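**Student:** Input structure: structure_34.txt, which contains compact mmCIF, C-alpha atoms.
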# COMPACT_ATOMS: atom_id res chain seq x y z
CA MET A 1 -93.91 -56.30 73.55
CA ARG A 2 -91.94 -54.02 71.28
CA LYS A 3 -88.86 -56.18 71.76
CA ALA A 4 -90.79 -59.38 70.99
CA VAL A 5 -92.18 -57.96 67.75
CA ALA A 6 -88.73 -56.70 66.74
CA ILE A 7 -87.10 -60.07 67.46
CA LEU A 8 -89.85 -61.89 65.50
CA LEU A 9 -89.40 -59.57 62.49
CA LEU A 10 -85.63 -59.92 62.64
CA GLY A 11 -85.97 -63.71 62.89
CA ILE A 12 -88.03 -63.88 59.69
CA PHE A 13 -85.73 -61.42 57.93
CA GLY A 14 -82.61 -63.20 59.16
CA TYR A 15 -83.91 -66.62 58.09
CA TYR A 16 -84.45 -65.59 54.47
CA PHE A 17 -81.30 -63.48 54.39
CA ALA A 18 -79.19 -66.35 55.73
CA SER A 19 -80.80 -68.95 53.45
CA ILE A 20 -79.90 -66.81 50.43
CA PHE A 21 -76.33 -66.15 51.43
CA LEU A 22 -75.46 -69.51 52.99
CA SER A 23 -76.49 -71.21 49.72
CA LEU A 24 -74.01 -68.99 47.89
CA PRO A 25 -70.73 -70.92 47.47
CA PHE A 26 -67.90 -69.38 49.46
CA GLY A 27 -64.46 -68.94 47.96
CA GLU A 28 -65.19 -70.00 44.39
CA LYS A 29 -64.01 -68.24 41.27
CA ARG A 30 -66.78 -66.32 39.53
CA GLU A 31 -66.70 -65.31 35.91
CA GLY A 32 -67.75 -61.70 35.96
CA VAL A 33 -66.58 -58.26 35.02
CA GLY A 34 -63.78 -58.69 37.57
CA LYS A 35 -62.11 -61.24 35.29
CA HIS A 36 -61.84 -58.68 32.48
CA TYR A 37 -60.42 -56.07 34.87
CA LEU A 38 -57.80 -58.47 36.26
CA GLU A 39 -56.62 -59.63 32.84
CA ASN A 40 -56.46 -56.21 31.20
CA THR A 41 -55.49 -53.80 33.97
CA ILE A 42 -51.78 -53.56 33.04
CA SER A 43 -52.28 -53.32 29.29
CA GLU A 44 -55.21 -50.89 29.47
CA THR A 45 -54.43 -48.61 32.43
CA GLY A 46 -50.80 -49.37 33.36
CA SER A 47 -51.75 -49.56 37.05
CA VAL A 48 -50.45 -52.60 38.95
CA ASN A 49 -53.06 -52.33 41.71
CA THR A 50 -56.34 -53.51 40.16
CA VAL A 51 -58.48 -51.91 42.87
CA THR A 52 -56.94 -48.51 42.06
CA SER A 53 -57.47 -48.97 38.34
CA ILE A 54 -61.16 -49.75 38.94
CA VAL A 55 -61.72 -46.86 41.37
CA VAL A 56 -59.92 -44.22 39.30
CA SER A 57 -60.08 -45.39 35.71
CA TYR A 58 -62.85 -47.90 34.94
CA ARG A 59 -65.31 -46.39 37.43
CA GLY A 60 -63.72 -42.93 37.62
CA PHE A 61 -66.98 -41.09 37.00
CA ASP A 62 -68.51 -42.94 39.96
CA THR A 63 -65.59 -41.77 42.13
CA LEU A 64 -66.23 -38.16 41.06
CA GLY A 65 -69.80 -38.61 42.28
CA GLU A 66 -68.63 -40.08 45.58
CA VAL A 67 -66.19 -37.23 46.19
CA THR A 68 -69.10 -34.86 45.53
CA VAL A 69 -71.20 -36.72 48.12
CA LEU A 70 -68.37 -36.24 50.64
CA PHE A 71 -68.21 -32.53 49.82
CA LEU A 72 -71.98 -32.18 50.23
CA ALA A 73 -71.86 -34.05 53.56
CA SER A 74 -69.15 -31.77 54.98
CA THR A 75 -70.98 -28.67 53.74
CA GLY A 76 -74.26 -29.99 55.14
CA LEU A 77 -72.67 -30.67 58.52
CA GLY A 78 -71.36 -27.12 58.57
CA ALA A 79 -74.86 -25.82 57.80
CA ILE A 80 -76.50 -28.02 60.48
CA LEU A 81 -74.04 -27.02 63.18
CA PHE A 82 -73.83 -23.38 62.14
CA ASP A 83 -74.19 -21.11 65.10
CA VAL A 84 -73.52 -17.40 65.43
CA ARG A 85 -72.43 -17.89 69.02
CA ARG A 86 -69.75 -20.34 67.90
CA LYS A 87 -66.73 -19.72 70.06
CA LYS A 88 -63.20 -20.95 70.54
CA ARG A 89 -62.66 -24.23 72.33
CA ASN A 90 -61.89 -23.82 76.00
CA GLU A 91 -60.56 -27.19 77.06
CA GLN A 92 -57.26 -27.54 78.83
CA ASN A 93 -54.05 -28.43 77.07
CA ALA A 94 -53.10 -32.10 77.19
CA SER A 95 -50.20 -33.31 79.33
CA PRO A 96 -46.61 -32.52 78.22
CA ILE A 97 -46.05 -36.14 77.15
CA VAL A 98 -49.00 -36.07 74.76
CA ARG A 99 -48.04 -32.62 73.44
CA THR A 100 -44.41 -33.54 72.73
CA THR A 101 -45.30 -36.86 71.13
CA SER A 102 -47.94 -35.19 68.96
CA THR A 103 -45.50 -32.54 67.75
CA VAL A 104 -43.00 -35.24 66.80
CA PHE A 105 -45.52 -37.54 65.16
CA TYR A 106 -47.63 -34.95 63.30
CA PRO A 107 -45.24 -34.45 60.33
CA MET A 108 -44.58 -38.21 60.18
CA ILE A 109 -48.29 -39.02 59.96
CA ILE A 110 -48.77 -36.40 57.22
CA LEU A 111 -45.78 -37.94 55.39
CA LEU A 112 -47.26 -41.43 55.75
CA GLY A 113 -50.57 -40.22 54.30
CA ALA A 114 -48.77 -38.57 51.39
CA TYR A 115 -46.79 -41.78 50.78
CA VAL A 116 -49.97 -43.84 50.78
CA PHE A 117 -51.72 -41.73 48.16
CA VAL A 118 -48.69 -41.13 45.94
CA HIS A 119 -48.08 -44.90 45.70
CA GLY A 120 -51.77 -45.70 45.22
CA HIS A 121 -51.23 -47.39 41.85
CA LEU A 122 -48.39 -49.61 43.13
CA THR A 123 -49.17 -50.71 46.69
CA PRO A 124 -52.35 -51.08 48.76
CA GLY A 125 -53.64 -47.61 49.45
CA GLY A 126 -54.71 -44.55 47.57
CA GLY A 127 -56.46 -41.24 47.87
CA PHE A 128 -59.22 -42.28 50.26
CA GLN A 129 -56.87 -44.05 52.69
CA GLY A 130 -54.20 -41.33 52.51
CA GLY A 131 -56.76 -38.59 53.10
CA ALA A 132 -58.12 -40.42 56.14
CA ILE A 133 -54.59 -40.85 57.56
CA ILE A 134 -53.89 -37.12 57.11
CA ALA A 135 -57.14 -36.32 58.94
CA THR A 136 -56.06 -38.54 61.86
CA GLY A 137 -52.79 -36.56 62.02
CA VAL A 138 -54.68 -33.28 62.28
CA LEU A 139 -56.95 -34.90 64.88
CA LEU A 140 -53.88 -35.68 67.03
CA MET A 141 -52.99 -31.97 67.02
CA PHE A 142 -56.59 -31.02 67.88
CA MET A 143 -56.44 -33.33 70.87
CA ALA A 144 -53.04 -32.13 72.08
CA TYR A 145 -53.28 -28.34 71.72
CA ARG A 146 -56.03 -26.00 72.81
CA LYS A 147 -54.95 -23.25 70.44
CA PHE A 148 -54.51 -25.42 67.35
CA GLU A 149 -56.77 -23.98 64.65
CA ALA A 150 -57.48 -25.39 61.23
CA ASN A 151 -56.99 -22.72 58.58
CA HIS A 152 -60.38 -22.70 56.85
CA THR A 153 -59.32 -20.52 53.92
CA LEU A 154 -56.37 -22.78 53.14
CA LEU A 155 -58.52 -25.90 53.50
CA SER A 156 -61.20 -24.61 51.14
CA VAL A 157 -58.55 -23.53 48.59
CA ILE A 158 -56.93 -27.01 48.72
CA GLU A 159 -60.33 -28.68 48.45
CA SER A 160 -61.45 -26.56 45.46
CA LEU A 161 -58.13 -26.92 43.64
CA ALA A 162 -58.21 -30.72 44.08
CA GLY A 163 -61.77 -30.93 42.75
CA LEU A 164 -60.84 -28.64 39.86
CA THR A 165 -57.85 -30.86 39.00
CA PHE A 166 -60.08 -33.95 38.88
CA VAL A 167 -62.64 -32.30 36.58
CA THR A 168 -59.94 -30.69 34.39
CA VAL A 169 -58.17 -34.03 33.86
CA GLY A 170 -61.51 -35.61 32.99
CA LEU A 171 -62.45 -32.88 30.54
CA THR A 172 -58.99 -32.97 28.91
CA GLY A 173 -59.59 -36.66 28.32
CA LEU A 174 -62.96 -35.80 26.81
CA ILE A 175 -61.35 -33.37 24.34
CA TYR A 176 -58.35 -35.58 23.62
CA GLY A 177 -59.78 -39.09 23.47
CA GLY A 178 -63.53 -38.71 23.03
CA SER A 179 -64.82 -39.70 26.47
CA PHE A 180 -64.57 -38.46 30.06
CA LEU A 181 -61.37 -39.45 31.97
CA VAL A 182 -59.56 -40.99 29.00
CA ASN A 183 -55.90 -41.70 29.79
CA PHE A 184 -54.05 -39.15 27.62
CA LEU A 185 -50.57 -39.56 29.12
CA PRO A 186 -48.13 -42.39 28.24
CA LEU A 187 -48.59 -45.50 30.41
CA GLY A 188 -44.88 -46.10 31.13
CA THR A 189 -43.44 -49.31 32.55
CA PRO A 190 -45.61 -51.08 35.15
CA ASN A 191 -44.32 -50.98 38.76
CA ASP A 192 -42.61 -47.59 38.20
CA LEU A 193 -43.56 -44.63 40.38
CA VAL A 194 -44.21 -42.44 37.32
CA SER A 195 -46.47 -44.73 35.33
CA ALA A 196 -50.16 -45.37 34.65
CA GLY A 197 -50.78 -41.98 32.99
CA VAL A 198 -53.38 -39.85 34.76
CA ILE A 199 -54.12 -42.29 37.62
CA PRO A 200 -51.53 -40.87 40.10
CA ILE A 201 -52.61 -37.28 39.32
CA ILE A 202 -56.27 -38.04 40.01
CA TYR A 203 -55.52 -40.08 43.14
CA ILE A 204 -53.31 -37.33 44.59
CA ALA A 205 -56.14 -34.84 43.98
CA VAL A 206 -58.62 -37.22 45.67
CA GLY A 207 -56.21 -37.59 48.61
CA PHE A 208 -55.98 -33.84 49.19
CA LYS A 209 -59.74 -33.45 48.80
CA VAL A 210 -60.65 -36.24 51.23
CA GLY A 211 -58.06 -35.05 53.77
CA ALA A 212 -59.34 -31.47 53.66
CA GLU A 213 -63.00 -32.53 53.88
CA LEU A 214 -62.52 -34.89 56.83
CA THR A 215 -60.51 -32.19 58.64
CA VAL A 216 -63.37 -29.73 58.11
CA VAL A 217 -65.84 -32.32 59.48
CA LEU A 218 -63.74 -32.78 62.65
CA ASP A 219 -63.30 -29.03 63.08
CA ASP A 220 -67.06 -28.40 62.71
CA MET A 221 -67.90 -31.08 65.27
CA LEU A 222 -65.33 -29.76 67.78
CA LYS A 223 -66.22 -26.10 67.53
CA THR A 224 -69.97 -26.22 68.13
CA ILE A 225 -71.21 -24.49 71.22
CA ARG A 226 -71.42 -26.38 74.58
CA MET B 1 -68.81 -69.55 55.48
CA LEU B 2 -67.85 -68.18 58.91
CA TYR B 3 -67.52 -64.75 57.35
CA TYR B 4 -71.13 -64.88 56.11
CA ILE B 5 -72.34 -65.84 59.60
CA GLY B 6 -70.41 -62.95 61.15
CA ALA B 7 -71.65 -60.44 58.58
CA ILE B 8 -75.31 -61.52 58.84
CA SER B 9 -75.25 -61.44 62.65
CA LEU B 10 -73.71 -57.94 62.59
CA ILE B 11 -76.50 -56.74 60.28
CA LEU B 12 -79.20 -58.31 62.48
CA ILE B 13 -77.72 -56.91 65.73
CA GLY B 14 -77.54 -53.43 64.20
CA LEU B 15 -81.12 -53.63 62.93
CA TYR B 16 -82.27 -54.75 66.40
CA ALA B 17 -80.69 -51.61 67.88
CA VAL B 18 -82.38 -49.41 65.28
CA LEU B 19 -85.79 -51.01 65.95
CA VAL B 20 -85.79 -51.32 69.74
CA LYS B 21 -83.51 -48.69 71.29
CA LYS B 22 -84.93 -45.33 72.31
CA ASN B 23 -81.68 -43.39 72.62
CA LEU B 24 -80.78 -41.46 69.45
CA LEU B 25 -77.04 -42.07 69.81
CA LYS B 26 -77.70 -45.80 70.24
CA ILE B 27 -79.67 -45.76 66.97
CA VAL B 28 -76.75 -44.11 65.16
CA ILE B 29 -74.39 -46.74 66.64
CA GLY B 30 -76.74 -49.44 65.30
CA LEU B 31 -76.63 -47.89 61.82
CA ALA B 32 -72.82 -47.90 61.95
CA ILE B 33 -72.84 -51.60 62.89
CA VAL B 34 -75.17 -52.43 59.94
CA ASP B 35 -72.74 -50.56 57.70
CA SER B 36 -69.77 -52.65 58.93
CA GLY B 37 -71.71 -55.90 58.45
CA LEU B 38 -72.61 -55.02 54.86
CA ASN B 39 -68.98 -54.20 54.08
CA LEU B 40 -67.84 -57.57 55.45
CA LEU B 41 -70.55 -59.36 53.41
CA PHE B 42 -69.41 -57.72 50.15
CA ILE B 43 -65.74 -58.59 50.70
CA ALA B 44 -66.61 -62.17 51.68
CA ILE B 45 -68.59 -62.64 48.43
CA GLY B 46 -65.56 -61.56 46.38
CA TYR B 47 -63.15 -63.94 48.10
CA VAL B 48 -61.53 -66.82 46.19
CA LYS B 49 -59.83 -69.69 48.04
CA ASN B 50 -56.01 -69.80 47.90
CA ALA B 51 -55.89 -66.59 45.88
CA THR B 52 -53.79 -63.47 46.38
CA ALA B 53 -54.71 -59.80 46.66
CA PRO B 54 -55.39 -58.17 43.24
CA ILE B 55 -52.00 -56.43 42.99
CA PHE B 56 -49.45 -57.51 40.34
CA SER B 57 -46.41 -56.69 42.45
CA SER B 58 -44.25 -59.50 41.01
CA GLU B 59 -44.08 -61.38 37.70
CA SER B 60 -45.09 -64.73 39.21
CA LEU B 61 -48.62 -63.59 40.10
CA THR B 62 -51.29 -64.42 37.52
CA ALA B 63 -54.79 -63.09 37.00
CA ASP B 64 -56.57 -66.43 37.51
CA LYS B 65 -55.21 -66.75 41.08
CA MET B 66 -56.58 -63.48 42.42
CA VAL B 67 -59.66 -62.42 44.39
CA ASP B 68 -62.42 -60.39 42.74
CA PRO B 69 -61.40 -56.68 42.80
CA VAL B 70 -64.86 -55.19 42.09
CA PRO B 71 -66.40 -55.61 45.61
CA GLN B 72 -63.19 -54.27 47.13
CA SER B 73 -63.34 -51.07 45.10
CA LEU B 74 -67.03 -50.60 45.95
CA VAL B 75 -66.46 -51.11 49.70
CA LEU B 76 -63.43 -48.80 49.67
CA THR B 77 -65.57 -45.79 48.82
CA ALA B 78 -68.56 -47.04 50.85
CA ILE B 79 -66.54 -46.88 54.10
CA VAL B 80 -65.60 -43.23 53.51
CA ILE B 81 -69.18 -42.31 52.58
CA GLY B 82 -70.36 -44.17 55.71
CA LEU B 83 -68.18 -41.93 57.87
CA ALA B 84 -69.65 -38.81 56.23
CA VAL B 85 -73.21 -40.09 56.73
CA THR B 86 -72.49 -40.87 60.40
CA ALA B 87 -71.07 -37.38 60.89
CA VAL B 88 -74.19 -35.73 59.42
CA ALA B 89 -76.45 -37.95 61.58
CA LEU B 90 -74.49 -37.00 64.71
CA GLY B 91 -74.72 -33.32 63.78
CA LEU B 92 -78.50 -33.67 63.64
CA VAL B 93 -78.47 -35.47 67.03
CA ILE B 94 -76.47 -32.62 68.60
CA ARG B 95 -78.94 -30.08 67.20
CA LEU B 96 -81.93 -32.07 68.54
CA TYR B 97 -80.30 -32.25 71.97
CA ASP B 98 -79.79 -28.48 71.91
CA HIS B 99 -83.51 -28.02 71.26
CA HIS B 100 -85.11 -30.64 73.51
CA LYS B 101 -82.41 -31.33 76.15
CA THR B 102 -83.05 -35.06 75.82
CA LEU B 103 -82.01 -37.93 73.56
CA ASP B 104 -85.12 -40.08 74.18
CA ILE B 105 -87.16 -40.30 70.97
CA ASN B 106 -90.44 -40.76 72.86
CA LYS B 107 -90.00 -37.52 74.82
CA ILE B 108 -89.01 -35.65 71.68
CA ARG B 109 -92.27 -36.81 70.08
CA GLN B 110 -94.27 -35.51 73.08
CA LEU B 111 -92.63 -32.11 72.94
CA LYS B 112 -93.55 -31.74 69.29
CA TRP B 113 -97.05 -30.26 69.77
CA MET C 1 -55.20 -74.55 57.32
CA ASP C 2 -56.88 -75.86 60.44
CA TRP C 3 -55.50 -73.17 62.73
CA MET C 4 -56.66 -70.62 60.15
CA ALA C 5 -60.29 -71.73 60.59
CA PHE C 6 -59.72 -71.61 64.36
CA LEU C 7 -58.39 -68.03 64.12
CA VAL C 8 -61.27 -66.90 61.91
CA SER C 9 -63.91 -68.43 64.18
CA GLY C 10 -62.31 -66.74 67.17
CA LEU C 11 -62.30 -63.37 65.42
CA VAL C 12 -65.94 -63.75 64.30
CA LEU C 13 -66.85 -64.64 67.90
CA ILE C 14 -65.12 -61.48 69.18
CA LEU C 15 -66.96 -59.51 66.49
CA ILE C 16 -70.40 -60.75 67.58
CA ILE C 17 -69.63 -60.42 71.30
CA SER C 18 -68.44 -56.81 70.96
CA ALA C 19 -71.47 -55.93 68.79
CA VAL C 20 -73.88 -57.34 71.41
CA PHE C 21 -71.87 -55.66 74.18
CA SER C 22 -72.01 -52.23 72.54
CA ILE C 23 -75.76 -52.56 71.93
CA MET C 24 -76.57 -53.69 75.49
CA GLN C 25 -74.28 -51.24 77.31
CA LYS C 26 -76.03 -48.35 79.10
CA ASP C 27 -72.91 -46.20 79.27
CA LEU C 28 -72.55 -44.81 75.73
CA LEU C 29 -68.83 -44.11 76.18
CA VAL C 30 -68.20 -47.84 76.70
CA ALA C 31 -70.54 -48.69 73.79
CA VAL C 32 -68.47 -46.55 71.44
CA ILE C 33 -65.30 -48.36 72.50
CA GLY C 34 -67.16 -51.57 71.58
CA THR C 35 -67.73 -50.27 68.03
CA ALA C 36 -64.03 -49.40 67.80
CA ALA C 37 -63.24 -53.03 68.73
CA ILE C 38 -65.59 -54.17 65.93
CA SER C 39 -63.63 -51.99 63.48
CA VAL C 40 -60.25 -53.37 64.51
CA VAL C 41 -61.42 -57.00 64.22
CA LEU C 42 -63.06 -56.22 60.85
CA SER C 43 -59.79 -54.77 59.62
CA ILE C 44 -57.96 -58.03 60.49
CA LEU C 45 -60.73 -60.03 58.74
CA PHE C 46 -60.41 -57.87 55.59
CA TYR C 47 -56.68 -58.55 55.59
CA LEU C 48 -57.32 -62.31 55.86
CA LEU C 49 -59.80 -62.04 52.96
CA GLN C 50 -56.98 -60.63 50.75
CA ALA C 51 -58.31 -57.07 50.68
CA PRO C 52 -55.39 -54.90 51.96
CA ASP C 53 -56.84 -51.70 50.47
CA VAL C 54 -60.08 -52.09 52.41
CA ALA C 55 -58.22 -53.13 55.58
CA LEU C 56 -56.19 -49.90 55.45
CA THR C 57 -59.34 -47.80 55.01
CA GLU C 58 -61.21 -49.55 57.81
CA ALA C 59 -58.26 -49.21 60.21
CA ALA C 60 -57.87 -45.47 59.55
CA ILE C 61 -61.57 -44.56 59.44
CA GLY C 62 -63.40 -47.10 61.60
CA ALA C 63 -60.95 -47.27 64.46
CA ALA C 64 -59.83 -43.64 64.62
CA LEU C 65 -62.08 -41.05 62.95
CA SER C 66 -65.47 -42.71 63.48
CA THR C 67 -64.78 -43.34 67.18
CA ILE C 68 -63.63 -39.77 67.75
CA ILE C 69 -66.70 -38.34 66.03
CA PHE C 70 -68.95 -40.43 68.32
CA LEU C 71 -66.95 -39.30 71.37
CA ILE C 72 -67.34 -35.62 70.44
CA ALA C 73 -71.10 -36.13 69.99
CA ILE C 74 -71.34 -37.81 73.43
CA LYS C 75 -69.42 -34.94 74.99
CA LYS C 76 -71.89 -32.42 73.53
CA THR C 77 -74.94 -34.47 74.66
CA ASP C 78 -75.68 -37.04 77.38
CA ARG C 79 -73.31 -39.80 78.41
CA PHE C 80 -75.82 -42.21 79.94
CA GLU C 81 -78.81 -43.87 78.36
CA GLU C 82 -81.65 -43.90 80.88
Turn this file's structure into structure tokens for me.
**Tutor:**
Amino acid sequence: MRKAVAILLLGIFGYYFASIFLSLPFGEKREGVGKHYLENTISETGSVNTVTSIVVSYRGFDTLGEVTVLFLASTGLGAILFDVRRKKRNEQNASPIVRTTSTVFYPMIILLGAYVFVHGHLTPGGGFQGGAIIATGVLLMFMAYRKFEANHTLLSVIESLAGLTFVTVGLTGLIYGGSFLVNFLPLGTPNDLVSAGVIPIIYIAVGFKVGAELTVVLDDMLKTIR
Amino acid sequence: MLYYIGAISLILIGLYAVLVKKNLLKIVIGLAIVDSGLNLLFIAIGYVKNATAPIFSSESLTADKMVDPVPQSLVLTAIVIGLAVTAVALGLVIRLYDHHKTLDINKIRQLKW
Amino acid sequence: MDWMAFLVSGLVLILIISAVFSIMQKDLLVAVIGTAAISVVLSILFYLLQAPDVALTEAAIGAALSTIIFLIAIKKTDRFEE
């Protein structure tokens, strides 16, 4: 009965949903705000990767809000799972093969994450991807070693400093150029590592912040009782 | 066109799980599937035939032969936020299990009073 | 161009099959592996749709972190759906 009603509702919903989207032409050029971004990204922001220039520069204030949502989610998870009886994990160590491979790969994965967010304005990638890759590296160590502990003081210091950098850069732009997150550094030549003004600084800060927050989420989930 | 069909069926399958299933973890899995379907739908709307990715890595690439970058930048952050939302939902599920020792939403409703 | 449409239809088919599989499966551990398969296929589809940034994010988050978070939650609760 319940299933039949659900399937009927989904059928009606799916019919209208599909009729809207299947009438939308697929793969055609649309004249929207994206056209302006594509044509002016190099002259206005100096960033070669248009996605990065939208995330950090054109919609930078939005990104600040999204990073705040991430921070609130990790804090909220800590509050939900808070338990006084929280104890150390008591699983067994993984096998020697996993442990050795993890020790070798851990610095490489951290390096890959750092590469991805430092080159965010040149190649595909950026702060969000780099932060997620760093969190997977820490996850490998969590899985391999029983005694591996995330340093919460260090993580919160990194997280706060990264957020502070983002806001400080934005406010400097406000003082210097009249609006939040104005690019106050020289743009440089496109396709250079040091180019695009404040975009690499902000994306590196976002990378550290996302990496620290996702690590805290994993640590909170692993350390709850039971 | 195939991409639209895939995205819409993912959204419908996820919604079916949210409506019908009684296990809390199954409901969270359904929400994650809806999330994936919406992301695919956004990217498919921004696609342009025979175009390249919106990165000016060489001089020969021009702006009129590139896909729309706006949906990509929206989805980029939406995926990360989706992970955070899933983590909070799973934290709540773990807490509920601690309290009621079951994941069945009907039994949890009975234990309420 | 023709084999491209063939590849895309195959990937979309895998996508739908693994979604249905992970919804119908009673063992939640297997269902979570189904969602990981959805993420991997989605990442390939994003790459084919010329969105390398999004493909990178989906591969790192959907396939690794999201799966692990679900696995931890299953370990702390029940494995089987009755």
**Student:** Provide the atom CA of A:Tyr37 to atom CA of B:Ala63 distance in Å, to one decimal place.
**Tutor:** 9.2 Å
**Student:** Counting all atoms listed in the file, which residues in chain A sit no more than 12 Å from chain C? For each one, give the nearest pair of atoms and the distance in Å, sorted by chain then residue number, as a tab-separated table.
**Tutor:**
residue	atom	partner	partner_atom	distance
A:Phe26	CA	C:Leu49	CA	11.5
A:Gly27	CA	C:Leu49	CA	9.7
A:Asn49	CA	C:Asp53	CA	9.6
A:Thr50	CA	C:Asp53	CA	10.5
A:Val51	CA	C:Asp53	CA	7.8
A:Thr52	CA	C:Asp53	CA	9.0
A:Val55	CA	C:Asp53	CA	11.4
A:Leu81	CA	C:Ala73	CA	11.7
A:Glu91	CA	C:Lys75	CA	12.0
A:Ile109	CA	C:Ala60	CA	11.6
A:Leu112	CA	C:Ala60	CA	12.0
A:Gly113	CA	C:Ala60	CA	10.4
A:Val116	CA	C:Leu56	CA	9.9
A:Phe117	CA	C:Asp53	CA	11.4
A:Gly120	CA	C:Asp53	CA	9.4
A:His121	CA	C:Asp53	CA	11.2
A:Leu122	CA	C:Asp53	CA	11.4
A:Thr123	CA	C:Asp53	CA	8.6
A:Pro124	CA	C:Asp53	CA	4.8
A:Gly125	CA	C:Asp53	CA	5.3
A:Gly126	CA	C:Asp53	CA	8.0
A:Gly127	CA	C:Thr57	CA	10.1
A:Phe128	CA	C:Thr57	CA	7.3
A:Gln129	CA	C:Thr57	CA	5.1
A:Gly130	CA	C:Thr57	CA	8.6
A:Gly131	CA	C:Ala60	CA	9.5
A:Ala132	CA	C:Ala60	CA	6.1
A:Ile133	CA	C:Ala60	CA	6.0
A:Ile134	CA	C:Ala60	CA	9.6
A:Ala135	CA	C:Leu65	CA	7.9
A:Thr136	CA	C:Leu65	CA	6.6
A:Gly137	CA	C:Ala64	CA	10.3
A:Val138	CA	C:Leu65	CA	10.8
A:Leu139	CA	C:Leu65	CA	8.2
A:Leu140	CA	C:Ala64	CA	10.2
A:Phe142	CA	C:Ile68	CA	11.2
A:Met143	CA	C:Ile68	CA	10.1
A:Val210	CA	C:Ile61	CA	11.7
A:Gly211	CA	C:Ile61	CA	11.6
A:Leu214	CA	C:Leu65	CA	8.7
A:Thr215	CA	C:Leu65	CA	10.0
A:Val217	CA	C:Ile69	CA	8.9
A:Leu218	CA	C:Ile69	CA	7.1
A:Asp219	CA	C:Ile69	CA	10.3
A:Asp220	CA	C:Ile69	CA	10.5
A:Met221	CA	C:Ile72	CA	6.9
A:Leu222	CA	C:Ile72	CA	6.7
A:Lys223	CA	C:Ile72	CA	10.0
A:Thr224	CA	C:Lys76	CA	8.4
A:Ile225	CA	C:Lys76	CA	8.3
A:Arg226	CA	C:Lys76	CA	6.1
**Student:** Measuring between only C-alpha atoms, which one of C:Gly10, C:Phe80, C:Ile38, C:Ile74 shows the shortest distance to B:Val93?
**Tutor:**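 So, comparing all the options, the nearest one is C:Ile74.
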**Student:** What's the 9 Å shell around stretch 3-20 of chain B, counting only C-alpha atoms, without same-chain residues fewer than 2 positions away, as an MDAnalysis selection string?
**Tutor:** (chainID A and resid 2:3 6:7 10:11 13:14 17:18 21:22 26) or (chainID B and resid 1 22 26:41 44:45) or (chainID C and resid 8:9 12:13 15:16 19:20 23:24 45)
**Student:** Go ahead and write the selection's residues with C-alpha atoms as a compact mmCIF listing (two decimals), keeping the file's coordinate frame.
**Tutor:**
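The resulting part35.txt:
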# COMPACT_ATOMS: atom_id res chain seq x y z
CA ARG A 2 -91.94 -54.02 71.28
CA LYS A 3 -88.86 -56.18 71.76
CA ALA A 6 -88.73 -56.70 66.74
CA ILE A 7 -87.10 -60.07 67.46
CA LEU A 10 -85.63 -59.92 62.64
CA GLY A 11 -85.97 -63.71 62.89
CA PHE A 13 -85.73 -61.42 57.93
CA GLY A 14 -82.61 -63.20 59.16
CA PHE A 17 -81.30 -63.48 54.39
CA ALA A 18 -79.19 -66.35 55.73
CA PHE A 21 -76.33 -66.15 51.43
CA LEU A 22 -75.46 -69.51 52.99
CA PHE A 26 -67.90 -69.38 49.46
CA MET B 1 -68.81 -69.55 55.48
CA LYS B 22 -84.93 -45.33 72.31
CA LYS B 26 -77.70 -45.80 70.24
CA ILE B 27 -79.67 -45.76 66.97
CA VAL B 28 -76.75 -44.11 65.16
CA ILE B 29 -74.39 -46.74 66.64
CA GLY B 30 -76.74 -49.44 65.30
CA LEU B 31 -76.63 -47.89 61.82
CA ALA B 32 -72.82 -47.90 61.95
CA ILE B 33 -72.84 -51.60 62.89
CA VAL B 34 -75.17 -52.43 59.94
CA ASP B 35 -72.74 -50.56 57.70
CA SER B 36 -69.77 -52.65 58.93
CA GLY B 37 -71.71 -55.90 58.45
CA LEU B 38 -72.61 -55.02 54.86
CA ASN B 39 -68.98 -54.20 54.08
CA LEU B 40 -67.84 -57.57 55.45
CA LEU B 41 -70.55 -59.36 53.41
CA ALA B 44 -66.61 -62.17 51.68
CA ILE B 45 -68.59 -62.64 48.43
CA VAL C 8 -61.27 -66.90 61.91
CA SER C 9 -63.91 -68.43 64.18
CA VAL C 12 -65.94 -63.75 64.30
CA LEU C 13 -66.85 -64.64 67.90
CA LEU C 15 -66.96 -59.51 66.49
CA ILE C 16 -70.40 -60.75 67.58
CA ALA C 19 -71.47 -55.93 68.79
CA VAL C 20 -73.88 -57.34 71.41
CA ILE C 23 -75.76 -52.56 71.93
CA MET C 24 -76.57 -53.69 75.49
CA LEU C 45 -60.73 -60.03 58.74
**Student:** When distances are computed from all atoms listed in the file, which of B:Ala53, B:Ile43, B:Ala78, B:Met66 shows the smallest separation from A:Asp62?
**Tutor:** B:Ala78
**Student:** Every residue with an atom at most 6 Å from (-67.4, -29.9, 56.2) (file coordinates; all atoms listed in the file) is what I'm after, so could you write them as a PyMOL selection string?
**Tutor:** chain A and resi 74-75+77-78+213+216-217
**Student:** Counting only C-alpha atoms, what is within 9 Å of A:Ile199, bar same-chain residues fewer than 2 positions away, as an NGL selection string?
**Tutor:** :A and (45-47 or 52-53 or 56-57 or 120-121 or 183 or 195-197 or 201-204)
